[in-house]
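Dumped target21.cif below, it's mmCIF, C-alpha atoms:
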data_coords
#
loop_
_atom_site.label_atom_id
_atom_site.label_comp_id
_atom_site.auth_asym_id
_atom_site.auth_seq_id
_atom_site.Cartn_x
_atom_site.Cartn_y
_atom_site.Cartn_z
CA MET A 1 0.00 0.00 0.00
CA ALA A 2 1.38 3.42 -0.96
CA ASP A 3 1.74 6.14 1.64
CA PRO A 4 -0.60 9.15 1.37
CA LEU A 5 0.90 12.11 -0.48
CA ILE A 6 1.59 15.06 1.84
CA ILE A 7 2.15 18.55 0.42
CA THR A 8 3.72 20.82 3.03
CA LEU A 9 3.54 24.61 2.66
CA GLY A 10 5.09 27.03 5.15
CA CYS A 11 7.09 26.56 8.30
CA ARG A 12 9.22 23.87 9.91
CA LEU A 13 6.48 23.11 12.40
CA ASN A 14 4.24 22.23 9.46
CA ALA A 15 6.99 19.89 8.24
CA TYR A 16 6.97 18.12 11.60
CA GLU A 17 3.19 17.89 11.68
CA SER A 18 3.12 16.53 8.14
CA GLU A 19 5.15 13.54 9.32
CA VAL A 20 2.65 12.93 12.12
CA MET A 21 -0.21 13.09 9.60
CA ARG A 22 1.61 10.77 7.21
CA LYS A 23 1.63 8.05 9.87
CA CYS A 24 -1.97 8.71 10.99
CA ALA A 25 -3.28 8.63 7.42
CA ALA A 26 -1.30 5.50 6.53
CA ASP A 27 -2.56 3.71 9.67
CA ALA A 28 -6.12 4.64 8.65
CA GLY A 29 -5.60 3.16 5.18
CA LEU A 30 -5.96 6.49 3.37
CA ASP A 31 -3.53 5.51 0.63
CA ASP A 32 -5.59 7.39 -1.97
CA ALA A 33 -5.42 10.68 -0.06
CA ILE A 34 -3.49 13.85 -0.81
CA ILE A 35 -3.12 16.04 2.28
CA VAL A 36 -2.30 19.72 1.75
CA ASN A 37 -0.84 21.29 4.90
CA THR A 38 -1.36 25.02 4.27
CA CYS A 39 0.27 28.21 5.51
CA ALA A 40 -1.50 31.50 6.28
CA VAL A 41 1.39 33.81 7.09
CA THR A 42 0.58 36.09 4.13
CA GLY A 43 -2.26 36.56 1.67
CA GLU A 44 0.11 35.27 -1.00
CA ALA A 45 0.61 32.02 0.97
CA VAL A 46 -3.16 31.43 0.95
CA ARG A 47 -3.33 32.16 -2.79
CA GLN A 48 -0.52 29.67 -3.43
CA ALA A 49 -2.36 27.05 -1.37
CA THR A 50 -5.44 27.47 -3.57
CA GLN A 51 -3.35 27.18 -6.74
CA THR A 52 -1.64 24.07 -5.39
CA ILE A 53 -4.98 22.40 -4.64
CA ARG A 54 -6.32 23.08 -8.14
CA LYS A 55 -3.12 21.75 -9.74
CA LEU A 56 -3.25 18.60 -7.61
CA ARG A 57 -6.83 17.93 -8.68
CA ARG A 58 -5.87 18.22 -12.35
CA GLU A 59 -2.95 15.83 -11.84
CA HIS A 60 -4.84 13.39 -9.57
CA PRO A 61 -8.51 13.45 -10.63
CA ASP A 62 -9.46 10.41 -8.52
CA ALA A 63 -7.59 11.25 -5.31
CA ARG A 64 -9.21 12.36 -2.08
CA ILE A 65 -7.91 15.86 -1.30
CA VAL A 66 -7.76 16.82 2.38
CA VAL A 67 -6.85 20.43 3.25
CA THR A 68 -5.52 21.40 6.66
CA GLY A 69 -3.02 23.79 8.28
CA CYS A 70 -3.26 27.43 9.30
CA ALA A 71 -5.10 28.71 6.21
CA ALA A 72 -7.72 25.98 6.58
CA GLN A 73 -8.06 26.73 10.30
CA ILE A 74 -8.56 30.47 9.76
CA GLU A 75 -10.70 30.34 6.58
CA PRO A 76 -12.35 26.89 6.46
CA GLU A 77 -15.23 28.21 4.38
CA ARG A 78 -12.83 29.41 1.67
CA PHE A 79 -11.44 25.92 1.14
CA ALA A 80 -14.76 24.14 1.66
CA ALA A 81 -16.10 26.20 -1.27
CA LEU A 82 -13.48 24.77 -3.64
CA PRO A 83 -14.96 21.90 -5.69
CA GLU A 84 -11.52 20.26 -5.75
CA VAL A 85 -11.53 19.75 -1.96
CA ASP A 86 -13.04 16.66 -0.31
CA HIS A 87 -12.31 17.45 3.36
CA VAL A 88 -11.17 20.43 5.46
CA ILE A 89 -9.70 19.71 8.90
CA GLY A 90 -8.37 22.10 11.52
CA ASN A 91 -4.94 22.39 13.12
CA ALA A 92 -6.01 20.56 16.28
CA GLU A 93 -7.90 17.86 14.38
CA LYS A 94 -4.99 17.11 12.03
CA MET A 95 -2.87 15.80 14.91
CA LYS A 96 -5.42 13.19 16.04
CA PRO A 97 -5.35 9.60 14.69
CA GLU A 98 -9.12 9.39 15.17
CA THR A 99 -9.63 12.21 12.64
CA PHE A 100 -8.02 10.14 9.90
CA ALA A 101 -9.72 6.96 11.03
CA GLY A 102 -13.02 8.84 10.64
CA LEU A 103 -12.10 10.06 7.16
CA SER A 104 -11.76 6.45 6.06
CA LEU A 105 -15.46 5.86 6.79
CA ALA A 106 -18.26 6.56 4.34
CA GLY A 107 -20.23 9.68 5.14
CA SER A 108 -17.48 11.31 7.21
CA GLU A 109 -17.98 15.00 7.99
CA ARG A 110 -16.59 17.22 5.23
CA VAL A 111 -15.47 20.13 7.43
CA GLN A 112 -13.94 19.45 10.85
CA VAL A 113 -12.56 22.70 12.27
CA ASP A 114 -13.08 23.54 15.94
CA ASP A 115 -12.19 26.66 17.93
CA ILE A 116 -8.39 26.59 18.15
CA MET A 117 -8.42 29.20 20.93
CA SER A 118 -9.98 26.63 23.25
CA VAL A 119 -7.05 24.19 22.81
CA HIS A 120 -4.73 24.27 25.83
CA GLU A 121 -2.54 21.21 25.37
CA THR A 122 -0.11 20.09 22.71
CA ALA A 123 -0.04 16.33 22.44
CA HIS A 124 3.38 14.88 21.76
CA HIS A 125 3.82 12.47 18.89
CA LEU A 126 6.62 9.92 18.58
CA ILE A 127 7.81 9.78 15.00
CA ASP A 128 10.75 8.00 13.46
CA GLY A 129 12.21 10.83 11.41
CA PHE A 130 12.00 12.78 8.19
CA GLY A 131 13.04 10.90 5.07
CA SER A 132 16.70 11.80 5.51
CA ARG A 133 17.96 10.47 8.83
CA THR A 134 20.55 13.21 9.20
CA ARG A 135 18.29 15.89 10.68
CA ALA A 136 14.87 15.85 12.31
CA TYR A 137 12.54 18.45 13.78
CA VAL A 138 11.00 17.98 17.21
CA GLN A 139 7.98 20.05 18.22
CA VAL A 140 8.40 21.52 21.69
CA GLN A 141 5.73 24.23 21.59
CA ASN A 142 2.71 25.40 19.59
CA GLY A 143 0.59 28.54 19.45
CA CYS A 144 1.33 32.14 20.34
CA ASP A 145 0.03 34.55 22.99
CA HIS A 146 1.38 37.70 21.31
CA ARG A 147 -0.55 39.90 18.91
CA CYS A 148 1.85 41.43 16.40
CA THR A 149 -0.24 43.67 14.17
CA PHE A 150 0.84 41.98 10.91
CA CYS A 151 0.34 38.39 12.04
CA ILE A 152 -2.71 36.13 11.72
CA ILE A 153 -0.94 32.98 12.97
CA PRO A 154 -2.20 33.09 16.61
CA PHE A 155 -5.69 32.59 15.18
CA GLY A 156 -4.49 29.57 13.23
CA ARG A 157 -2.43 28.04 16.03
CA GLY A 158 -4.22 29.06 19.22
CA PRO A 159 -2.66 29.93 22.60
CA SER A 160 0.93 29.08 23.48
CA ARG A 161 1.31 25.58 24.92
CA SER A 162 4.38 23.48 25.61
CA VAL A 163 5.31 19.81 25.34
CA PRO A 164 6.61 18.51 28.72
CA ALA A 165 10.38 18.16 28.81
CA GLY A 166 10.31 14.42 29.49
CA GLU A 167 8.36 13.81 26.28
CA VAL A 168 10.76 16.00 24.27
CA VAL A 169 13.74 14.07 25.65
CA ALA A 170 12.06 10.75 24.80
CA GLN A 171 11.46 11.90 21.21
CA VAL A 172 15.04 13.10 20.77
CA ARG A 173 16.38 9.83 22.19
CA ARG A 174 14.16 7.83 19.81
CA LEU A 175 15.43 9.80 16.81
CA VAL A 176 19.08 9.46 17.82
CA GLU A 177 18.67 5.72 18.35
CA GLY A 178 17.26 5.59 14.80
CA GLY A 179 20.43 7.15 13.40
CA CYS A 180 19.60 10.87 13.46
CA ARG A 181 22.66 13.04 14.12
CA GLU A 182 21.05 16.48 14.35
CA VAL A 183 17.80 17.62 15.97
CA VAL A 184 16.06 20.98 15.56
CA LEU A 185 13.70 22.11 18.32
CA THR A 186 10.78 23.86 16.68
CA GLY A 187 7.46 25.57 17.43
CA VAL A 188 5.57 28.76 16.72
CA ASP A 189 7.17 30.81 19.55
CA ILE A 190 9.72 28.49 21.16
CA THR A 191 11.19 31.10 23.50
CA ALA A 192 7.75 31.15 25.20
CA TYR A 193 8.36 27.50 26.08
CA GLY A 194 7.38 26.43 29.59
CA LYS A 195 5.21 29.36 30.68
CA ASP A 196 2.18 27.06 30.75
CA LEU A 197 4.01 24.22 32.53
CA PRO A 198 4.43 23.80 36.28
CA GLY A 199 7.72 24.83 37.88
CA GLN A 200 10.42 26.92 36.25
CA ALA A 201 10.42 25.42 32.74
CA THR A 202 12.17 27.53 30.10
CA LEU A 203 13.61 26.92 26.64
CA GLY A 204 17.13 27.17 28.03
CA ALA A 205 16.41 24.61 30.74
CA LEU A 206 14.93 22.30 28.10
CA VAL A 207 18.02 22.65 25.88
CA ARG A 208 20.34 21.79 28.76
CA GLN A 209 18.16 18.85 29.78
CA VAL A 210 18.13 17.39 26.25
CA LEU A 211 21.90 17.68 25.94
CA LYS A 212 22.47 16.17 29.38
CA LEU A 213 20.04 13.26 29.04
CA VAL A 214 20.82 12.39 25.42
CA PRO A 215 24.64 12.52 25.36
CA GLU A 216 24.69 10.61 22.05
CA LEU A 217 23.03 13.56 20.24
CA GLU A 218 25.77 15.20 18.18
CA ARG A 219 24.07 18.42 17.14
CA LEU A 220 21.15 20.43 18.54
CA ARG A 221 19.65 23.47 16.85
CA LEU A 222 16.89 25.98 17.57
CA SER A 223 14.53 26.85 14.72
CA SER A 224 13.88 30.55 15.43
CA ILE A 225 13.89 32.63 18.59
CA ASP A 226 12.37 35.87 19.82
CA GLN A 227 15.51 37.37 21.34
CA VAL A 228 13.58 39.44 23.90
CA GLU A 229 12.47 36.18 25.58
CA ALA A 230 15.90 34.52 25.77
CA ASP A 231 16.28 33.23 29.35
CA GLY A 232 19.40 32.91 31.49
CA ASP A 233 19.70 29.15 30.97
CA LEU A 234 19.56 29.64 27.22
CA MET A 235 22.37 32.19 27.36
CA ARG A 236 24.43 29.80 29.51
CA ALA A 237 23.75 26.98 27.03
CA ILE A 238 24.88 29.18 24.13
CA ALA A 239 28.07 29.99 26.02
CA GLY A 240 28.95 26.53 27.27
CA GLU A 241 27.23 23.79 25.28
CA GLU A 242 29.41 22.82 22.32
CA ARG A 243 26.68 20.59 20.86
CA LEU A 244 24.25 23.53 20.64
CA MET A 245 25.03 24.84 17.18
CA PRO A 246 26.37 28.43 16.88
CA HIS A 247 23.60 29.64 14.57
CA LEU A 248 20.59 31.60 15.82
CA HIS A 249 17.70 32.78 13.65
CA LEU A 250 16.10 35.90 15.13
CA SER A 251 12.58 37.26 14.80
CA LEU A 252 13.62 40.90 14.23
CA GLN A 253 11.04 42.01 11.58
CA ALA A 254 12.34 45.61 11.34
CA GLY A 255 15.19 47.91 12.29
CA ASP A 256 13.27 51.09 13.08
CA ASP A 257 11.73 51.79 16.49
CA MET A 258 8.53 53.39 15.17
CA VAL A 259 7.89 50.50 12.80
CA LEU A 260 8.58 48.02 15.61
CA LYS A 261 6.10 49.88 17.81
CA ARG A 262 3.44 49.82 15.09
CA MET A 263 4.11 46.12 14.59
CA LYS A 264 3.53 45.71 18.36
CA ARG A 265 6.89 43.99 18.75
CA ARG A 266 8.33 43.88 22.26
CA HIS A 267 11.90 44.91 21.49
CA SER A 268 13.61 48.05 20.25
CA ARG A 269 16.36 48.34 17.68
CA ALA A 270 18.90 48.84 20.49
CA ASP A 271 17.66 45.67 22.22
CA ALA A 272 18.37 43.64 19.09
CA VAL A 273 21.85 45.06 18.60
CA GLN A 274 22.71 44.57 22.28
CA PHE A 275 21.49 40.96 22.19
CA CYS A 276 23.75 40.12 19.25
CA GLU A 277 26.71 41.82 20.93
CA LYS A 278 26.08 39.92 24.17
CA VAL A 279 25.81 36.54 22.43
CA ARG A 280 29.03 37.21 20.51
CA ARG A 281 30.82 37.91 23.80
CA LEU A 282 29.59 34.53 25.04
CA ARG A 283 30.39 32.67 21.82
CA SER A 284 32.58 34.46 19.33
CA ASP A 285 31.87 32.19 16.35
CA VAL A 286 28.08 32.55 16.43
CA VAL A 287 26.25 33.60 13.25
CA PHE A 288 22.82 35.18 13.06
CA GLY A 289 19.96 34.93 10.61
CA ALA A 290 16.84 37.08 10.84
CA ASP A 291 13.34 37.63 9.51
CA LEU A 292 12.81 41.16 8.14
CA ILE A 293 9.66 42.68 6.62
CA ALA A 294 10.02 45.32 3.88
CA GLY A 295 7.32 47.91 3.24
CA PHE A 296 5.33 47.68 6.48
CA PRO A 297 2.44 50.19 6.50
CA THR A 298 3.56 53.81 7.12
CA GLU A 299 7.23 52.85 6.52
CA THR A 300 9.16 55.84 5.16
CA GLU A 301 12.49 55.63 3.34
CA GLU A 302 14.27 56.67 6.53
CA MET A 303 12.49 53.92 8.50
CA PHE A 304 13.42 51.38 5.83
CA GLU A 305 17.06 52.45 6.03
CA GLY A 306 16.92 51.33 9.66
CA SER A 307 16.21 47.79 8.47
CA MET A 308 19.02 48.02 5.90
CA SER A 309 21.56 49.20 8.47
CA ILE A 310 20.58 46.68 11.15
CA VAL A 311 22.05 43.98 8.91
CA ASP A 312 25.49 45.45 9.61
CA ASP A 313 24.78 46.59 13.17
CA CYS A 314 23.68 43.09 14.22
CA GLY A 315 26.16 41.35 11.93
CA LEU A 316 23.47 39.31 10.20
CA THR A 317 24.55 36.58 7.80
CA TYR A 318 21.28 35.03 6.57
CA LEU A 319 18.15 37.07 5.81
CA HIS A 320 14.60 35.88 5.29
CA VAL A 321 13.03 38.92 3.62
CA PHE A 322 9.26 39.26 3.37
CA PRO A 323 7.64 41.99 1.27
CA PHE A 324 4.73 43.16 3.42
CA SER A 325 1.46 41.57 2.37
CA ALA A 326 -1.70 42.83 4.06
CA ARG A 327 -3.42 39.93 5.81
CA LYS A 328 -7.17 40.36 6.16
CA GLY A 329 -8.19 40.38 9.82
CA THR A 330 -4.98 41.96 11.15
CA PRO A 331 -4.60 45.55 12.43
CA ALA A 332 -1.78 46.21 9.93
CA ALA A 333 -4.19 45.60 7.05
CA ARG A 334 -6.15 48.68 8.20
CA MET A 335 -3.09 50.95 8.39
CA PRO A 336 -2.01 53.29 5.54
CA GLN A 337 -0.31 50.99 3.04
CA VAL A 338 2.98 51.55 1.22
CA GLU A 339 2.64 51.52 -2.58
CA ARG A 340 2.99 47.93 -3.83
CA ALA A 341 5.77 48.67 -6.30
CA LEU A 342 7.75 50.38 -3.54
CA VAL A 343 7.25 47.40 -1.21
CA LYS A 344 8.71 45.08 -3.87
CA GLU A 345 11.59 47.47 -4.59
CA ARG A 346 12.51 47.69 -0.90
CA ALA A 347 12.32 43.92 -0.50
CA ALA A 348 14.68 43.53 -3.47
CA ARG A 349 17.14 46.03 -1.94
CA LEU A 350 17.02 44.23 1.39
CA ARG A 351 17.63 40.88 -0.31
CA ARG A 352 20.64 42.33 -2.14
CA LYS A 353 21.95 43.57 1.19
CA GLY A 354 21.50 40.05 2.58
CA ASP A 355 23.29 38.53 -0.41
CA GLU A 356 26.24 40.88 0.16
CA ALA A 357 26.38 39.97 3.86
CA LEU A 358 26.26 36.25 3.08
CA SER A 359 28.90 36.55 0.37
CA GLY A 360 31.22 38.38 2.78
CA TYR A 361 30.77 35.68 5.40
CA LEU A 362 31.40 32.89 2.89
CA ALA A 363 34.56 34.58 1.61
CA ALA A 364 35.90 34.79 5.17
CA GLN A 365 35.51 31.02 5.52
CA THR A 366 37.94 30.21 2.68
CA GLY A 367 40.84 28.16 3.99
CA CYS A 368 39.05 27.22 7.23
CA GLU A 369 38.48 23.66 8.35
CA VAL A 370 34.82 22.99 9.15
CA GLU A 371 32.75 20.14 10.54
CA VAL A 372 30.11 19.03 8.03
CA LEU A 373 27.01 16.90 8.36
CA VAL A 374 26.33 15.46 4.89
CA GLU A 375 22.62 15.72 4.06
CA ARG A 376 22.69 14.15 0.64
CA GLU A 377 25.45 12.96 -1.64
CA GLY A 378 27.89 15.81 -2.19
CA LEU A 379 26.06 18.40 -0.08
CA GLY A 380 26.14 19.12 3.65
CA ARG A 381 25.93 21.84 6.26
CA THR A 382 28.50 23.25 8.64
CA ARG A 383 27.85 23.86 12.33
CA HIS A 384 26.80 27.40 11.29
CA PHE A 385 24.07 25.98 9.01
CA THR A 386 26.04 27.03 5.93
CA GLU A 387 25.62 24.79 2.89
CA ILE A 388 28.81 23.30 1.49
CA SER A 389 29.37 21.33 -1.71
CA LEU A 390 31.72 18.37 -1.34
CA PRO A 391 33.03 15.59 -3.60
CA THR A 392 30.32 13.04 -4.32
CA ALA A 393 32.15 10.46 -2.20
CA ALA A 394 30.68 12.25 0.83
CA ARG A 395 27.53 10.24 1.57
CA SER A 396 24.37 11.19 3.41
CA GLY A 397 24.65 10.87 7.17
CA MET A 398 28.43 11.22 7.38
CA LEU A 399 29.87 13.69 9.91
CA LEU A 400 33.26 14.74 8.60
CA HIS A 401 35.79 17.57 8.37
CA ALA A 402 36.37 19.59 5.24
CA ARG A 403 38.62 22.44 4.19
CA VAL A 404 36.80 25.33 2.51
CA SER A 405 38.20 26.05 -0.96
CA GLY A 406 35.78 28.78 -2.07
CA HIS A 407 32.14 29.73 -2.56
CA ASP A 408 29.61 30.64 -5.22
CA GLY A 409 27.89 33.44 -3.31
CA HIS A 410 25.31 31.09 -1.79
CA ARG A 411 27.21 28.07 -0.52
CA LEU A 412 30.74 26.99 0.26
CA THR A 413 32.80 24.50 -1.70
CA GLY A 414 35.28 22.23 0.02
CA GLU A 415 37.43 19.12 0.08
CA VAL A 416 37.19 16.37 2.66
CA VAL A 417 40.06 16.35 5.13
CA ALA A 418 41.39 12.83 5.66
#

Re-express the file's structure as structure tokens.
Amino acid sequence: MADPLIITLGCRLNAYESEVMRKCAADAGLDDAIIVNTCAVTGEAVRQATQTIRKLRREHPDARIVVTGCAAQIEPERFAALPEVDHVIGNAEKMKPETFAGLSLAGSERVQVDDIMSVHETAHHLIDGFGSRTRAYVQVQNGCDHRCTFCIIPFGRGPSRSVPAGEVVAQVRRLVEGGCREVVLTGVDITAYGKDLPGQATLGALVRQVLKLVPELERLRLSSIDQVEADGDLMRAIAGEERLMPHLHLSLQAGDDMVLKRMKRRHSRADAVQFCEKVRRLRSDVVFGADLIAGFPTETEEMFEGSMSIVDDCGLTYLHVFPFSARKGTPAARMPQVERALVKERAARLRRKGDEALSGYLAAQTGCEVEVLVEREGLGRTRHFTEISLPTAARSGMLLHARVSGHDGHRLTGEVVA
């Protein structure tokens, strides 16, 4: 029996949840199903989800198409109205085996989307891995209690809720025993981890517990952090835990204080710069990535220049640049909008700035010896999450040392060190 086809759009947490659904759907015998796990972070993401569904129906006229994820949670009626769609299920429902068991029965309910704001627990799911055994994502948290003015995701994910540390450790141990060499802790707002748990649970305490209780784990990463919530244990782990990788992806969003205030972010520009400086004092080889939005409503050229200059002031190496896209239902959608052409032009400038920063970092690596985890034949990643091309003799799953010989502006090239 073939496995159900899963189409994952959006974030790393969706990637994790898709693996859970793959097992649930296979166990329910839904081998004819195509499950589309949607994203709702922008209006464009929802449009792409709709296009994907229509294309899948053309390519698979007899398949059963099940739509889930954040877009389906927030706008179930939109997807239920598509003739290509057989079932719409919510973000809570998609993580339950009984949902898929029910879909296998004749006459099952077409739309199953409950109130996500009433969900207060995140069930943990033991999974064996993600295709490649080199890296796996482990969900430690879901939902968000913040209300950034541009973001609809809290209404797709519900309130912040954490997976107990013992269950996270058990999952990591299971993955490592299955041959996984690197684990990424992921969630919607992982630095909020533990606030809903008894005791003094924090993300930093969880990181230290995982590393202590699973000594065989060779590499641990964090998916993305809100630097304003970084706790003392996390800072100590960054400073002293060699197996915690020296790459942090920050939720910055902008480099101007007025824009940050209108976004309802909880940090200032100075906070971000000071955080990066502090982390570098603790661990000199750390590299930073960041999310930045170009063309937020009311953004002037001077405000935008703040986002351009924060790349240098924070020493950012990897940028995820998002041209602002008004999301219906958010306060930012009601603010005075920046002209669309200008939004795109600013996003392009910010991406060029990111390309220059990355190219400078890659050039500085030439001649260095780096540890590489090979993800697929001839391609791996360094401890700093930098891609590196290697001779094809380097096979998936190998952890080896390489000497950097150059770069192409996007990834390093290297030779294996004997």

Given all atoms listed in the file as the counted atoms, nearest of A:Arg157, A:Arg351, A:Arg221, A:Arg64 to A:Ala25 = A:Arg64

Per residue of stretch 142-178 of chain A within 12 Å of stretch 88-106 of chain A, which atom pair is closest and at what distance in Å (one decimal), using all atoms listed in the file, listed by chain and increasing number, as CSV?
residue,atom,partner,partner_atom,distance
A:Asn142,CA,A:Asn91,CA,10.5
A:Gly143,CA,A:Asn91,CA,10.4
A:Ile153,CA,A:Asn91,CA,11.3
A:Pro154,CA,A:Asn91,CA,11.6
A:Phe155,CA,A:Asn91,CA,10.4
A:Gly156,CA,A:Asn91,CA,7.2
A:Arg157,CA,A:Asn91,CA,6.8
A:Gly158,CA,A:Asn91,CA,9.1
A:Pro159,CA,A:Ala92,CA,11.8

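For A:Ile6, the non-local neighbours within 10 Å, defined as residues at least 5 positions apart in the same chain or in other chains and counting all atoms listed in the file, are Ala15, Ser18, Glu19, Met21, Arg22, Ala25, Ala33, Ile34, Ile35, Val36, Asn37 and Val66 of chain A.
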
Would you kindly translate the PyMOL selection byres ((chain A and resi 266) around 12) into the concrete residues it picks from this file, as a ChimeraX atom specification?
-> /A:146-149,226-229,251-254,257-265,267-272

Any chance you could resolve the PyMOL selection byres ((chain A and resi 244) around 9) against this file and give the residues as a compact mmCIF listing (two decimals) with C-alpha atoms, keeping the file's coordinate frame?
# COMPACT_ATOMS: atom_id res chain seq x y z
CA VAL A 207 18.02 22.65 25.88
CA LEU A 211 21.90 17.68 25.94
CA GLU A 218 25.77 15.20 18.18
CA ARG A 219 24.07 18.42 17.14
CA LEU A 220 21.15 20.43 18.54
CA ARG A 221 19.65 23.47 16.85
CA LEU A 222 16.89 25.98 17.57
CA ALA A 237 23.75 26.98 27.03
CA ILE A 238 24.88 29.18 24.13
CA GLY A 240 28.95 26.53 27.27
CA GLU A 241 27.23 23.79 25.28
CA GLU A 242 29.41 22.82 22.32
CA ARG A 243 26.68 20.59 20.86
CA MET A 245 25.03 24.84 17.18
CA PRO A 246 26.37 28.43 16.88
CA HIS A 247 23.60 29.64 14.57

Give me the residues near A:His249 as a PDB file with C-alpha atoms, in the coordinates of the input, where near means some atom within 7 Å (using only C-alpha atoms) and where sequence neighbours in that chain fewer than 5 positions away do not count.
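Heads up, here's the output in selection-v4.pdb:
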ATOM      1  CA  SER A 223      14.530  26.850  14.720  1.00  0.00           C
ATOM      2  CA  SER A 224      13.880  30.550  15.430  1.00  0.00           C
ATOM      3  CA  ILE A 225      13.890  32.630  18.590  1.00  0.00           C
ATOM      4  CA  PHE A 288      22.820  35.180  13.060  1.00  0.00           C
ATOM      5  CA  GLY A 289      19.960  34.930  10.610  1.00  0.00           C
ATOM      6  CA  ALA A 290      16.840  37.080  10.840  1.00  0.00           C
TER       7      ALA A 290
END

Atom-to-atom span, atom CA of A:Cys368 and atom CA of A:Arg403, Å |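 Spanning atom CA of A:Cys368 to atom CA of A:Arg403 is a straight-line distance of 5.7 Å.
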
Looking at only C-alpha atoms, which of A:Met335, A:Met398, A:Val404, A:Val176 is the one that sits closest to A:Phe150?
->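 Counting only C-alpha atoms, the residue closest to A:Phe150 is A:Met335.
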
Using the chain letters and numbers from the file, which residues does the PyMOL selection byres ((chain A and resi 317) around 10) grab, as a list in words?
->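 Expected selection for the PyMOL selection byres ((chain A and resi 317) around 10) here is His247, His249, Val287, Phe288, Gly289, Ala290, Val311, Asp312, Cys314, Gly315, Leu316, Tyr318, Leu319, Lys353, Gly354, Asp355, Glu356, Ala357, Leu358, Ser359, Gly360, Tyr361, Leu362 and Thr386 of chain A.
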
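From atom CA of A:Thr42 back to atom CA of A:Arg327, the distance works out to 5.8 Å.
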
Contacts of A:Glu415 at 12 Å (only C-alpha atoms; same-chain gap of 5+ positions) as a ChimeraX atom specification = /A:366-372,378-380,388-394,400-406
